[in-house]
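To start, the structure itself, in structure tokens.
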Amino acid sequence: MRLLAPLVLIGLTGCASAPLKDGTYPLQPGQRVALSGNTTLSYDSFSDSRCPANARCVWAGKLSFQFALEGPDGREEFALGPDQLSARPKALHGARVALDPASIPPVRNTTATRPGDVIPVTLNITSP
């Protein structure tokens, strides 16, 4: 019986950290992708307060994409953008999430945004 307990614990530990799926993931706001059997990544929203290309602004503004990981340890949120192209969220145990710079749109020509405007992104996930 004493020998069986460590084997059960080893088996449970293997279930808690399912292998991560490396790859390239194009996402729209609101979309989610399974990175493993028990971890999903969602593209929650974006915020684009950058100064329009044809305007003079006191502040240049910022473009930020918000993401969330859902897994066995709960929910972990993080943001990426032109000033921070990658992150290593704790929930991914050393794996890297990188924003493809080619998916970052240029600055708008006007301050007006239309309802329904979306900014798709492409993320690259790599295991340690």
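Ligands are numbered from 1 in the order shown, chains are lettered A, B, ... in the order of the structure tokens, and residues start at 1 in each chain.
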Q: List every residue of stretch 5-125 of chain A that DSSP, applied to the backbone of this structure, places in helix (DSSP H, G or I), and write the result as a list in words.
A: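 Taking stretch 5-125 of chain A and keeping helix (DSSP H, G or I) only, one gets Ala5, Pro6, Leu7, Val8, Leu9, Ile10, Gly11, Leu12, Thr13, Gly14, Cys15, Ala16, Lys90, Ala91, Leu92, Pro101, Ala102 and Ser103 of chain A.
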Q | Per-residue DSSP, stretch 16-124 of chain A, filtered to strand (DSSP E), as a PyMOL selection string | A | chain A and resi 23-27+32-34+40-48+63-71+74-80+86-87+96-99+121-124
Q.
I'd like the neighbourhood of A:Lys90 as a ChimeraX atom specification, where a residue qualifies if any of its atoms comes within 10 Å (using only C-alpha atoms), though same-chain residues fewer than 3 positions away should be ignored.
A. /A:69,73,76,87,93-96
Selection above as a file: N, CA and C atoms, as an mmCIF file, in the first residue's frame:
```cif
data_model
loop_
_atom_site.group_PDB
_atom_site.id
_atom_site.type_symbol
_atom_site.label_atom_id
_atom_site.label_comp_id
_atom_site.auth_asym_id
_atom_site.auth_seq_id
_atom_site.Cartn_x
_atom_site.Cartn_y
_atom_site.Cartn_z
ATOM 1 N N LEU A 69 -5.532 33.441 -19.595
ATOM 2 C CA LEU A 69 -5.310 31.999 -19.598
ATOM 3 C C LEU A 69 -6.207 31.386 -18.540
ATOM 4 N N ASP A 73 -4.820 26.135 -12.471
ATOM 5 C CA ASP A 73 -4.467 27.068 -11.400
ATOM 6 C C ASP A 73 -5.368 28.302 -11.382
ATOM 7 N N GLU A 76 -5.385 33.717 -15.349
ATOM 8 C CA GLU A 76 -4.251 34.645 -15.336
ATOM 9 C C GLU A 76 -4.387 35.581 -16.532
ATOM 10 N N ALA A 87 5.462 37.615 -23.522
ATOM 11 C CA ALA A 87 5.279 37.388 -22.091
ATOM 12 C C ALA A 87 5.498 35.913 -21.801
ATOM 13 N N HIS A 93 4.123 27.782 -17.434
ATOM 14 C CA HIS A 93 5.315 27.113 -16.912
ATOM 15 C C HIS A 93 6.549 27.295 -17.798
ATOM 16 N N GLY A 94 6.856 28.539 -18.136
ATOM 17 C CA GLY A 94 8.061 28.840 -18.904
ATOM 18 C C GLY A 94 7.848 29.016 -20.395
ATOM 19 N N ALA A 95 6.684 28.663 -20.906
ATOM 20 C CA ALA A 95 6.421 28.854 -22.337
ATOM 21 C C ALA A 95 6.274 30.347 -22.632
ATOM 22 N N ARG A 96 6.561 30.716 -23.859
ATOM 23 C CA ARG A 96 6.544 32.123 -24.274
ATOM 24 C C ARG A 96 5.372 32.379 -25.214
#
```
Q: Considering only C-alpha atoms, return as a VMD selection string whatever protein or nucleic-acid residues lie within 10 Å of A:Phe78, sequence-local ones (same chain, fewer than 2 positions apart) excluded.
A: chain A and resid 65 to 69 76 80 87 to 89
What would the file look like if the residues just selected were written as a short mmCIF file (atom, residue, chain, number, x, y, z; two decimals), in the first residue's frame with N, CA and C atoms?
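Saved result, result20.cif, follows:
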```cif
data_model
loop_
_atom_site.label_atom_id
_atom_site.label_comp_id
_atom_site.auth_asym_id
_atom_site.auth_seq_id
_atom_site.Cartn_x
_atom_site.Cartn_y
_atom_site.Cartn_z
N PHE A 65 -3.29 44.79 -26.18
CA PHE A 65 -4.15 43.63 -26.38
C PHE A 65 -4.22 42.87 -25.07
N GLN A 66 -5.44 42.55 -24.60
CA GLN A 66 -5.61 41.86 -23.33
C GLN A 66 -5.97 40.40 -23.58
N PHE A 67 -5.27 39.52 -22.84
CA PHE A 67 -5.45 38.08 -22.96
C PHE A 67 -5.68 37.46 -21.59
N ALA A 68 -6.24 36.26 -21.58
CA ALA A 68 -6.43 35.53 -20.33
C ALA A 68 -6.17 34.05 -20.57
N LEU A 69 -5.53 33.44 -19.60
CA LEU A 69 -5.31 32.00 -19.60
C LEU A 69 -6.21 31.39 -18.54
N GLU A 76 -5.39 33.72 -15.35
CA GLU A 76 -4.25 34.64 -15.34
C GLU A 76 -4.39 35.58 -16.53
N LEU A 80 -0.27 42.40 -24.14
CA LEU A 80 0.82 42.54 -25.09
C LEU A 80 0.54 43.74 -25.97
N ALA A 87 5.46 37.62 -23.52
CA ALA A 87 5.28 37.39 -22.09
C ALA A 87 5.50 35.91 -21.80
N ARG A 88 5.80 35.62 -20.56
CA ARG A 88 5.93 34.25 -20.08
C ARG A 88 4.99 34.09 -18.88
N PRO A 89 3.70 33.93 -19.14
CA PRO A 89 2.74 33.79 -18.04
C PRO A 89 3.06 32.58 -17.15
#
```
**Q.** Counting only C-alpha atoms, the option among A:Gln84, A:Val118, A:Asn109, A:Ile125 closest to A:Arg56
**A.** A:Asn109
Q: Show which residues sit within 8 Å of A:Lys21, as a count of residues only. Count only C-alpha atoms, and ignore same-chain residues fewer than 2 positions away.
A: 5
